[in-house]
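Chemist: The structure follows.
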Amino acid sequence: MKPSSEPLVLKSHPHVGEPHPLAPLWRAVQVRLMDSADVEGTVVYAGPKDWQLVESFVLRSAA
C-alpha cells in the first residue's frame with residue numbers, strides 16, 4: 001500500500017489500534033499531533049509483513 005497523495009480526512013483524532021479508513025488490515029501504531037496550518041498530524045500504520053505506512057491527516061468538522 002502506498003501513502004495517499006492528499007492527507008486523510010477523518011471525523012475525529014485517530015487512536016492507536018484503529019484501522020486505516022481505506023485498508024482495514026492496517027492498524028495505527030503511533031499517532032503524532034502537529035501544529036501545522038496544513039495538517040493535524042500523522043499516523044503510522046502497521047500492515048502485513050511488518051510493513052509501515054505514514055499518513056498525514058486533517059479533521060473534518062461535524063457540521
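Chain identifiers are assigned as A, B, and so on, following the order in which chains appear in the C-alpha cells; residues are numbered from 1 within each chain, and ligands are numbered from 1 in order of appearance.
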Extract, using only C-alpha atoms, all DNA, RNA and protein residues at most 9 Å from region 37-49 of chain A, discarding same-chain residues fewer than 2 positions from it, and format them as a ChimeraX atom specification.

Modeler: /A:1,7,13-17,19-20,25-35,51-59
